[in-house]
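Here is the structure we will look at, set down as structure tokens.
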Amino acid sequence: MDPICVFDGSDFTGLLENNPVWTPALPAGKNDRISSIINDSDYRLRVFEDNNYQGAWIEIGPHQSWVASAEWDNRISGYFMY
Ligand SMILES: [Ca+2]
């Protein structure tokens, strides 16, 4: 499976997770820090503002990269892929 990478930086630097799994709550050092994502998998990635897949969410499609808007910067607390 090709990786999904989430980054602290807004320019795909500062790797926080490589090939993440379903994550209802990111640990403290990674919570509310994601600023960019590369989804190089065949799955959709749905990211949530709150723990346990709650609150606002958006999706990053297969083989897409994403840079957080001001609204979403340092806000993601969990994600799953499907
Ligand atoms: Ca959050």
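Simple scheme: letters A, B, ... for chains in structure tokens order, numbers from 1 for residues in each chain, numbers from 1 for ligands in the order shown.
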
For this session: List every residue of chain A that DSSP, applied to the backbone, labels as strand (DSSP E), and write the result as a VMD selection string.
Result: chain A and resid 4 to 7 15 to 18 36 to 39 45 to 50 54 to 60 64 to 67 78 to 81

For this session: Mind checking which residues fall within 7 Å of range 11-27 of chain A, counting only C-alpha atoms, ignoring those fewer than 6 positions away in the same chain, and posting them as a VMD selection string?
Result: chain A and resid 3 to 5 36 to 37 51 to 53 77 to 81

Could I get the residues of chain A with an atom no further than 9 Å from an atom of ligand 1, each paired with its nearest atom pair and that distance in Å to one decimal, using only C-alpha atoms and all ligand atoms, sorted by chain and residue number, as JSON lines?
{"residue": "A:Asn31", "atom": "CA", "partner": "ligand 1", "partner_atom_place_in_ligand_line": "1 (Ca)", "distance": 6.6}
{"residue": "A:Asp32", "atom": "CA", "partner": "ligand 1", "partner_atom_place_in_ligand_line": "1 (Ca)", "distance": 4.9}
{"residue": "A:Arg33", "atom": "CA", "partner": "ligand 1", "partner_atom_place_in_ligand_line": "1 (Ca)", "distance": 8.5}
{"residue": "A:Phe48", "atom": "CA", "partner": "ligand 1", "partner_atom_place_in_ligand_line": "1 (Ca)", "distance": 7.3}
{"residue": "A:Glu49", "atom": "CA", "partner": "ligand 1", "partner_atom_place_in_ligand_line": "1 (Ca)", "distance": 4.2}
{"residue": "A:Asp50", "atom": "CA", "partner": "ligand 1", "partner_atom_place_in_ligand_line": "1 (Ca)", "distance": 4.6}
{"residue": "A:Asn51", "atom": "CA", "partner": "ligand 1", "partner_atom_place_in_ligand_line": "1 (Ca)", "distance": 7.1}
{"residue": "A:Gly55", "atom": "CA", "partner": "ligand 1", "partner_atom_place_in_ligand_line": "1 (Ca)", "distance": 8.7}
{"residue": "A:Asn74", "atom": "CA", "partner": "ligand 1", "partner_atom_place_in_ligand_line": "1 (Ca)", "distance": 7.3}
{"residue": "A:Arg75", "atom": "CA", "partner": "ligand 1", "partner_atom_place_in_ligand_line": "1 (Ca)", "distance": 4.1}
{"residue": "A:Ile76", "atom": "CA", "partner": "ligand 1", "partner_atom_place_in_ligand_line": "1 (Ca)", "distance": 4.6}
{"residue": "A:Ser77", "atom": "CA", "partner": "ligand 1", "partner_atom_place_in_ligand_line": "1 (Ca)", "distance": 4.2}
{"residue": "A:Gly78", "atom": "CA", "partner": "ligand 1", "partner_atom_place_in_ligand_line": "1 (Ca)", "distance": 7.8}

Just the selected residues (N, CA and C atoms), exported as a PDB file, in the first residue's frame, please.
ATOM      1  N   ASN A  31      -1.515  16.040  17.999  1.00  0.00           N
ATOM      2  CA  ASN A  31      -2.866  16.596  17.932  1.00  0.00           C
ATOM      3  C   ASN A  31      -2.812  18.079  17.581  1.00  0.00           C
ATOM      4  N   ASP A  32      -3.723  18.500  16.709  1.00  0.00           N
ATOM      5  CA  ASP A  32      -3.825  19.917  16.335  1.00  0.00           C
ATOM      6  C   ASP A  32      -2.502  20.466  15.811  1.00  0.00           C
ATOM      7  N   ARG A  33      -1.807  19.638  15.031  1.00  0.00           N
ATOM      8  CA  ARG A  33      -0.526  20.093  14.455  1.00  0.00           C
ATOM      9  C   ARG A  33      -0.447  19.912  12.948  1.00  0.00           C
ATOM     10  N   PHE A  48     -10.832  14.863  10.799  1.00  0.00           N
ATOM     11  CA  PHE A  48     -11.829  15.444  11.711  1.00  0.00           C
ATOM     12  C   PHE A  48     -11.189  16.464  12.647  1.00  0.00           C
ATOM     13  N   GLU A  49     -11.972  17.458  13.000  1.00  0.00           N
ATOM     14  CA  GLU A  49     -11.459  18.493  13.913  1.00  0.00           C
ATOM     15  C   GLU A  49     -11.408  18.010  15.365  1.00  0.00           C
ATOM     16  N   ASP A  50     -12.256  17.044  15.728  1.00  0.00           N
ATOM     17  CA  ASP A  50     -12.341  16.596  17.115  1.00  0.00           C
ATOM     18  C   ASP A  50     -12.047  15.105  17.222  1.00  0.00           C
ATOM     19  N   ASN A  51     -11.773  14.641  18.443  1.00  0.00           N
ATOM     20  CA  ASN A  51     -11.536  13.228  18.704  1.00  0.00           C
ATOM     21  C   ASN A  51     -12.758  12.382  18.359  1.00  0.00           C
ATOM     22  N   GLY A  55     -17.120  16.378  14.990  1.00  0.00           N
ATOM     23  CA  GLY A  55     -16.903  17.747  14.537  1.00  0.00           C
ATOM     24  C   GLY A  55     -16.810  17.830  13.025  1.00  0.00           C
ATOM     25  N   ASN A  74      -3.609  23.281  11.905  1.00  0.00           N
ATOM     26  CA  ASN A  74      -3.424  22.903  13.314  1.00  0.00           C
ATOM     27  C   ASN A  74      -4.750  22.617  14.019  1.00  0.00           C
ATOM     28  N   ARG A  75      -5.590  21.851  13.351  1.00  0.00           N
ATOM     29  CA  ARG A  75      -6.932  21.608  13.871  1.00  0.00           C
ATOM     30  C   ARG A  75      -7.288  20.116  13.905  1.00  0.00           C
ATOM     31  N   ILE A  76      -6.651  19.303  13.075  1.00  0.00           N
ATOM     32  CA  ILE A  76      -7.040  17.902  12.926  1.00  0.00           C
ATOM     33  C   ILE A  76      -6.689  17.101  14.176  1.00  0.00           C
ATOM     34  N   SER A  77      -7.692  16.328  14.639  1.00  0.00           N
ATOM     35  CA  SER A  77      -7.500  15.498  15.837  1.00  0.00           C
ATOM     36  C   SER A  77      -7.646  14.003  15.568  1.00  0.00           C
ATOM     37  N   GLY A  78      -8.084  13.625  14.382  1.00  0.00           N
ATOM     38  CA  GLY A  78      -8.200  12.215  14.047  1.00  0.00           C
ATOM     39  C   GLY A  78      -8.530  12.038  12.580  1.00  0.00           C
TER      40      GLY A  78
END

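With distances restricted to only C-alpha atoms, A:Asp8 is the closest residue to Gly29 in chain A from A:Ser65, A:Trp72, A:Tyr82, A:Asp8.
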
Problem set entry | Between CA of Val6 in chain A and CA of Ile38 in chain A, distance in Å (one decimal) | 6.5 Å

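Reported to one decimal place, the separation of CA of Asp42 in chain A from CA of Trp57 in chain A is 19.3 Å.
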
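With CA of Asp73 in chain A on one side and CA of Ile34 in chain A on the other, the separation reads 6.7 Å.
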
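Ranking A:Ser35, A:Arg46, A:Asp40, A:Glu59 by their shortest atom-to-atom distance to Glu71 in chain A, with only C-alpha atoms included, puts A:Ser35 first.
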